[in-house]
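Q: Have a look at the structure that comes next, please.
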Amino acid sequence: CAMNEAAEGTKGDGVTPISKHEIWDDPDDYSQYYDKALQYWEKVPATVEGVMGGFGAYSDLDIQGSKEFLLNCFFEMGLPKKKRPHTRSLDCGAGVGRISNDLLKRFYPEIHLIEIAQPLLDSAKDTLGKYPAEYFCSSLHTFEPS
């Protein structure tokens with residue numbers, strides 16, 4: 001950062017970090033972190049542009065990288081590199097369903113999506129349309145699969 005500009009997350013000197021006690025009322029009460037996350041995500045437009053922080057025009061490089069990672073996992077487990085019946089994927093922090101739609105649909109006949117913000121989850125439903133999916137509006141720390 002510039003000489004006279006403090007680094008984010010530091011005190012005015014740009015070096016000394018701000019402690020969690022200076023930021024949070026009760027640093028050991030983790031519910032406040034999730035509450036603030038929910039407040040943030042409910043304000044973000046429920047679009048790819050919104051969840052990507054203004055970078056909605058993205059390339060497929062991240063999807064390609066994730067696909068390669070997924071295929072390597074399949075290989076390591078001795079699984080075929082194609083869609084397999086009777087399997088499902090869990091998309092945690094699914095947002096508007098971009099990863100489910102652009103990647104997971106290729107390999108899983110059913111997708112389960114967990115997202116803390118209902119507006120984003122509603123957008124994911126629109127994105128996936130009639131594709132077999134289940135949608136859960138929940139934070140990961142409170143989600144209990146059935």
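As shown in the structure tokens, the chain order sets the letters A, B, ...; within each chain, residues go from 1, and ligands are also counted from 1 in the order they appear.
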Run DSSP on the backbone and give me the residues of chain A it puts in strand (DSSP E), as a PyMOL selection string.
A: chain A and resi 89-92+111-115+133-137
Q: Where does region 30-120 of chain A meet region 124-128 of chain A within 8 Å, residue by residue, with the nearest atom pair and distance in Å to one decimal for each, counting only C-alpha atoms, listed by chain and rising number, as JSON lines?
A:
```
{"residue": "A:Ala94", "atom": "CA", "partner": "A:Ala124", "partner_atom": "CA", "distance": 7.6}
{"residue": "A:Gly95", "atom": "CA", "partner": "A:Ala124", "partner_atom": "CA", "distance": 6.8}
{"residue": "A:Val96", "atom": "CA", "partner": "A:Ala124", "partner_atom": "CA", "distance": 4.2}
{"residue": "A:Gly97", "atom": "CA", "partner": "A:Ala124", "partner_atom": "CA", "distance": 4.3}
{"residue": "A:Arg98", "atom": "CA", "partner": "A:Ala124", "partner_atom": "CA", "distance": 7.5}
{"residue": "A:Ser100", "atom": "CA", "partner": "A:Leu128", "partner_atom": "CA", "distance": 7.8}
{"residue": "A:Asn101", "atom": "CA", "partner": "A:Leu128", "partner_atom": "CA", "distance": 6.0}
{"residue": "A:Leu120", "atom": "CA", "partner": "A:Ala124", "partner_atom": "CA", "distance": 6.3}
```
Q: I need the residue nearest Leu103 (chain A) from this list: A:His86, A:Ile63, A:Gly129, A:Leu71. Use only C-alpha atoms for the distance.
A: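 Ranked by minimum distance to Leu103 (chain A), first place goes to A:Ile63.
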Q: Which one is closest to Ile99 (chain A): A:Glu144, A:Glu42, A:Asp13, A:Asp62? Count only C-alpha atoms.
A: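 Comparing A:Glu144, A:Glu42, A:Asp13, A:Asp62 against Ile99 (chain A), the winner is A:Asp62.
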Q: Can you pull out every residue within 7 Å of Arg84 (chain A), counting only C-alpha atoms, but drop anything in the same chain fewer than 2 positions away, and send it as JSON, numbers by chain?
A: {"A": [82, 86, 87, 107, 108]}
Q: Tell me, counting only C-alpha atoms, for each residue of region 50-144 of chain A within 12 Å of region 26-32 of chain A, which pair of atoms is nearest and how far apart they are in Å to one decimal, in rows ordered by chain and increasing number, as a tab-separated table.
A:
```
residue	atom	partner	partner_atom	distance
A:Ser139	CA	A:Ser31	CA	10.4
A:Leu140	CA	A:Ser31	CA	11.9
A:His141	CA	A:Ser31	CA	9.5
A:Thr142	CA	A:Ser31	CA	10.2
```
Q: Mind dumping the selected residues with N, CA and C atoms as a compact mmCIF listing (two decimals), in the first residue's frame?
A:
```
# COMPACT_ATOMS: atom_id res chain seq x y z
N SER A 139 -27.44 -21.91 7.12
CA SER A 139 -25.99 -21.74 7.20
C SER A 139 -25.41 -23.14 7.41
N LEU A 140 -24.17 -23.32 7.04
CA LEU A 140 -23.57 -24.63 7.16
C LEU A 140 -23.44 -25.09 8.60
N HIS A 141 -23.25 -24.15 9.51
CA HIS A 141 -23.03 -24.55 10.91
C HIS A 141 -24.31 -25.01 11.60
N THR A 142 -25.48 -24.71 11.01
CA THR A 142 -26.73 -25.17 11.62
C THR A 142 -27.44 -26.23 10.78
```
Q: Going by DSSP on the backbone, which residues of region 7-65 of chain A come out as alpha helix (DSSP H)? List them as number ranges by chain.
A: A: 20-23, 31-43, 48-51, 61-65
Q: Write out, as a PDB file, in the first residue's frame, the residues just selected, with C-alpha atoms.
A:
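So result00.pdb came out as:
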```
ATOM      1  CA  LYS A  20     -10.804  -9.445  17.077  1.00  0.00           C
ATOM      2  CA  HIS A  21     -11.747  -7.795  20.391  1.00  0.00           C
ATOM      3  CA  GLU A  22     -11.639  -4.386  18.689  1.00  0.00           C
ATOM      4  CA  ILE A  23     -13.955  -5.537  15.875  1.00  0.00           C
ATOM      5  CA  SER A  31     -23.422 -16.429  15.814  1.00  0.00           C
ATOM      6  CA  GLN A  32     -22.636 -12.765  15.176  1.00  0.00           C
ATOM      7  CA  TYR A  33     -20.326 -13.745  12.300  1.00  0.00           C
ATOM      8  CA  TYR A  34     -23.129 -15.668  10.610  1.00  0.00           C
ATOM      9  CA  ASP A  35     -25.628 -12.899  11.322  1.00  0.00           C
ATOM     10  CA  LYS A  36     -23.354 -10.355   9.650  1.00  0.00           C
ATOM     11  CA  ALA A  37     -22.747 -12.705   6.714  1.00  0.00           C
ATOM     12  CA  LEU A  38     -26.488 -13.142   6.250  1.00  0.00           C
ATOM     13  CA  GLN A  39     -27.026  -9.364   6.412  1.00  0.00           C
ATOM     14  CA  TYR A  40     -24.361  -8.900   3.749  1.00  0.00           C
ATOM     15  CA  TRP A  41     -25.583 -11.610   1.349  1.00  0.00           C
ATOM     16  CA  GLU A  42     -29.214 -10.507   1.624  1.00  0.00           C
ATOM     17  CA  LYS A  43     -28.168  -7.047   0.348  1.00  0.00           C
ATOM     18  CA  VAL A  48     -23.812 -13.701 -10.900  1.00  0.00           C
ATOM     19  CA  GLU A  49     -22.654 -10.060 -11.061  1.00  0.00           C
ATOM     20  CA  GLY A  50     -23.753  -9.543  -7.450  1.00  0.00           C
ATOM     21  CA  VAL A  51     -22.157 -12.639  -5.930  1.00  0.00           C
ATOM     22  CA  LEU A  61     -11.196 -20.872 -16.286  1.00  0.00           C
ATOM     23  CA  ASP A  62     -12.507 -21.353 -12.751  1.00  0.00           C
ATOM     24  CA  ILE A  63     -15.051 -23.931 -13.947  1.00  0.00           C
ATOM     25  CA  GLN A  64     -12.321 -25.690 -15.963  1.00  0.00           C
ATOM     26  CA  GLY A  65     -10.023 -25.766 -12.917  1.00  0.00           C
TER      27      GLY A  65
END
```
